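Below is one structure, written out as structure tokens; comments come after it.
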Amino acid sequence: MQAKEDNKDMKRYTIVTAMDNEAGVLSQLAHLFSRKGYNIETIAAGWTVDQNVTRFTIEIYSDEARVQLLCSQLRKLVPIHYVKILDDPVMRIRRELMLVRVKAEDKAARNEIIQICNIFRGSVVDITPDSITLSVTGDDQKTGAFEELLKEFGILDLARTGIVAIERGEM
């Protein structure tokens with residue numbers, strides 16, 4: 001598969017699928033994506049309203065024809081409930097949670113980090129004498145910008161959930 005920068009038809013697609021919450025479904029998904037030559041950019045999974053159903057949000061770079069083919073293949077998996085492509089930015093809500101632990105060895109650094117966190121509508125989840133742990137939720141541009149601003153303080157650890165997405169309104 002070509003690099004995402006090389007092919008102008010390639011774009012990021014958000015695929016949402018629901019499958020039975022049973023052993024092996026993640027393996028089935030991963031195997032299908034691997035077999036078709038896709039690199040999963042982000043994947044997030046969790047229960048739905050029904051705890052017997054797991055909802056996966058998967059982001060990949062592809063062209064439209066290949067993503068449609070992939071979704072057709074996904075629909076053939078036995079424990080599948082639905083497959084949706086959320087490619088219209090107006091009709092979807094995308095969010096990611098990021099936790100980041102940053103060096104904060106003095107009061108001035110802690111205050112500046114907290115101000116940055118407040119600007120991004122994040123929250124402080126832990127403070128120690130040498131570090132501060134923050135949480136921020138938003139799209140990948142917001143979490144990326146937040147990370148960039150914190151680099152000057154020294155990022156000690158960082159965890160991102162991957163994108164979760166849902167359709168707007170009644171669909």
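So you can find residues: chains in the structure tokens are A, B, ... in the order shown, residues in each start at 1, and ligands are numbered from 1 in order.
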
DSSP-assigned alpha helix (DSSP H) among stretch 47-118 of chain A, expressed as a list in words
Glu64, Ala65, Arg66, Val67, Gln68, Leu69, Leu70, Cys71, Ser72, Gln73, Leu74, Arg75, Lys107, Ala108, Ala109, Arg110, Asn111, Glu112, Ile113, Ile114, Gln115, Ile116, Cys117 and Asn118 of chain A

The selected residues should be written to file as a compact mmCIF listing (two decimals), in the first residue's frame (atoms: N, CA and C atoms).
```txt
# COMPACT_ATOMS: atom_id res chain seq x y z
N GLU A 64 -11.71 5.64 -1.35
CA GLU A 64 -13.12 5.28 -1.15
C GLU A 64 -13.45 3.86 -1.62
N ALA A 65 -12.93 3.47 -2.76
CA ALA A 65 -13.24 2.14 -3.29
C ALA A 65 -12.73 1.04 -2.35
N ARG A 66 -11.52 1.19 -1.84
CA ARG A 66 -10.95 0.17 -0.96
C ARG A 66 -11.66 0.12 0.39
N VAL A 67 -12.09 1.29 0.91
CA VAL A 67 -12.78 1.28 2.20
C VAL A 67 -14.16 0.65 2.04
N GLN A 68 -14.81 0.86 0.91
CA GLN A 68 -16.10 0.22 0.66
C GLN A 68 -15.95 -1.30 0.58
N LEU A 69 -14.88 -1.76 -0.09
CA LEU A 69 -14.60 -3.19 -0.18
C LEU A 69 -14.32 -3.77 1.20
N LEU A 70 -13.53 -3.07 1.99
CA LEU A 70 -13.23 -3.52 3.34
C LEU A 70 -14.51 -3.65 4.18
N CYS A 71 -15.38 -2.66 4.08
CA CYS A 71 -16.63 -2.71 4.85
C CYS A 71 -17.52 -3.87 4.39
N SER A 72 -17.51 -4.17 3.11
CA SER A 72 -18.26 -5.34 2.61
C SER A 72 -17.72 -6.62 3.24
N GLN A 73 -16.39 -6.71 3.35
CA GLN A 73 -15.77 -7.87 3.98
C GLN A 73 -16.12 -7.93 5.48
N LEU A 74 -16.13 -6.78 6.14
CA LEU A 74 -16.49 -6.72 7.56
C LEU A 74 -17.91 -7.23 7.78
N ARG A 75 -18.82 -6.85 6.90
CA ARG A 75 -20.23 -7.26 7.04
C ARG A 75 -20.41 -8.77 6.94
N LYS A 107 6.84 25.74 41.32
CA LYS A 107 5.50 26.33 41.33
C LYS A 107 5.20 27.07 40.03
N ALA A 108 6.18 27.78 39.49
CA ALA A 108 5.95 28.54 38.26
C ALA A 108 5.59 27.60 37.10
N ALA A 109 6.30 26.49 36.99
CA ALA A 109 6.00 25.53 35.92
C ALA A 109 4.61 24.93 36.12
N ARG A 110 4.29 24.55 37.36
CA ARG A 110 2.95 23.98 37.62
C ARG A 110 1.86 24.97 37.24
N ASN A 111 2.04 26.23 37.62
CA ASN A 111 1.03 27.25 37.30
C ASN A 111 0.86 27.43 35.79
N GLU A 112 1.97 27.46 35.07
CA GLU A 112 1.89 27.63 33.62
C GLU A 112 1.22 26.41 32.96
N ILE A 113 1.55 25.22 33.43
CA ILE A 113 0.96 24.00 32.89
C ILE A 113 -0.55 23.99 33.17
N ILE A 114 -0.95 24.38 34.36
CA ILE A 114 -2.38 24.42 34.71
C ILE A 114 -3.10 25.45 33.84
N GLN A 115 -2.47 26.59 33.55
CA GLN A 115 -3.09 27.59 32.67
C GLN A 115 -3.31 27.03 31.27
N ILE A 116 -2.30 26.33 30.75
CA ILE A 116 -2.45 25.70 29.43
C ILE A 116 -3.58 24.68 29.46
N CYS A 117 -3.62 23.90 30.52
CA CYS A 117 -4.67 22.90 30.67
C CYS A 117 -6.06 23.55 30.68
N ASN A 118 -6.19 24.66 31.39
CA ASN A 118 -7.48 25.37 31.45
C ASN A 118 -7.89 25.91 30.09
```

Could you pull the residues within 12 Å of A:Gly122, counting only C-alpha atoms, minus those fewer than 5 positions along the same chain, as number ranges by chain?
A: 97-100, 113-117, 133-138, 142-143, 146-147

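Distances from A:Pro89, A:Gly169, A:Gly154, A:Gly144 to A:Arg12 were compared using only C-alpha atoms, and the smallest one belongs to A:Pro89.
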
Computed interatomic separation between atom CA of A:Arg160 and atom CA of A:Tyr38 (Å):
20.7 Å

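Reported to one decimal place, the separation of atom CA of A:Arg95 from atom CA of A:Met10 is 21.6 Å.
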
Using Å and a single decimal, report how far atom CA of A:Asp9 sits from atom CA of A:Lys84.
20.0 Å

With distances taken over only C-alpha atoms, which residue among A:Lys11, A:Arg94, A:His81, A:Lys103 lies nearest A:Ile155?
A:Lys103

Apply DSSP to the structure's backbone, then extract all residues of stretch 43-100 of chain A labelled strand (DSSP E or B) and return them as a PyMOL selection string.
chain A and resi 43-47+53-62+80-85+92-100

Have a look at A:Ile60, A:Ile163, A:Asp126, A:Glu148 and name the one nearest to A:Gly37; count only C-alpha atoms.
A:Ile60

Can you work out which one of A:Ser123, A:Asn21, A:Gln141, A:Thr128 has the shortest atom-to-atom distance to A:Gln51, counting only C-alpha atoms?
A:Asn21

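Nearest to A:Gln28 of all the residues A:Thr57, A:Val16, A:Asp63, A:Pro79 is A:Pro79, counting only C-alpha atoms.
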
For A:Val164, the nearest of the candidates A:Ala44, A:Ala30, A:Leu77, A:Val49, counting only C-alpha atoms:
A:Ala44

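Shell of A:Glu105 at 7 Å, with only C-alpha atoms counted and residues fewer than 3 places along the chain excluded, is Ala109, Pro129, Asp130 and Ser131 of chain A.
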
Once you have the residues from the selection above, write them out as a PDB file, in the first residue's frame, restricted to N, CA, C and O atoms.
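Just written: again_10.pdb:
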```pdb
ATOM      1  N   ALA A 109       6.304  26.491  36.987  1.00  0.00           N
ATOM      2  CA  ALA A 109       6.005  25.526  35.920  1.00  0.00           C
ATOM      3  C   ALA A 109       4.611  24.930  36.116  1.00  0.00           C
ATOM      4  O   ALA A 109       3.843  24.822  35.156  1.00  0.00           O
ATOM      5  N   PRO A 129       5.172  16.309  43.795  1.00  0.00           N
ATOM      6  CA  PRO A 129       6.167  17.390  43.882  1.00  0.00           C
ATOM      7  C   PRO A 129       6.949  17.608  42.586  1.00  0.00           C
ATOM      8  O   PRO A 129       7.429  18.719  42.335  1.00  0.00           O
ATOM      9  N   ASP A 130       7.073  16.576  41.737  1.00  0.00           N
ATOM     10  CA  ASP A 130       7.892  16.694  40.526  1.00  0.00           C
ATOM     11  C   ASP A 130       7.117  16.647  39.210  1.00  0.00           C
ATOM     12  O   ASP A 130       7.696  16.864  38.148  1.00  0.00           O
ATOM     13  N   SER A 131       5.823  16.326  39.276  1.00  0.00           N
ATOM     14  CA  SER A 131       5.077  16.184  38.021  1.00  0.00           C
ATOM     15  C   SER A 131       3.604  16.526  38.215  1.00  0.00           C
ATOM     16  O   SER A 131       3.104  16.612  39.331  1.00  0.00           O
TER      17      SER A 131
END
```
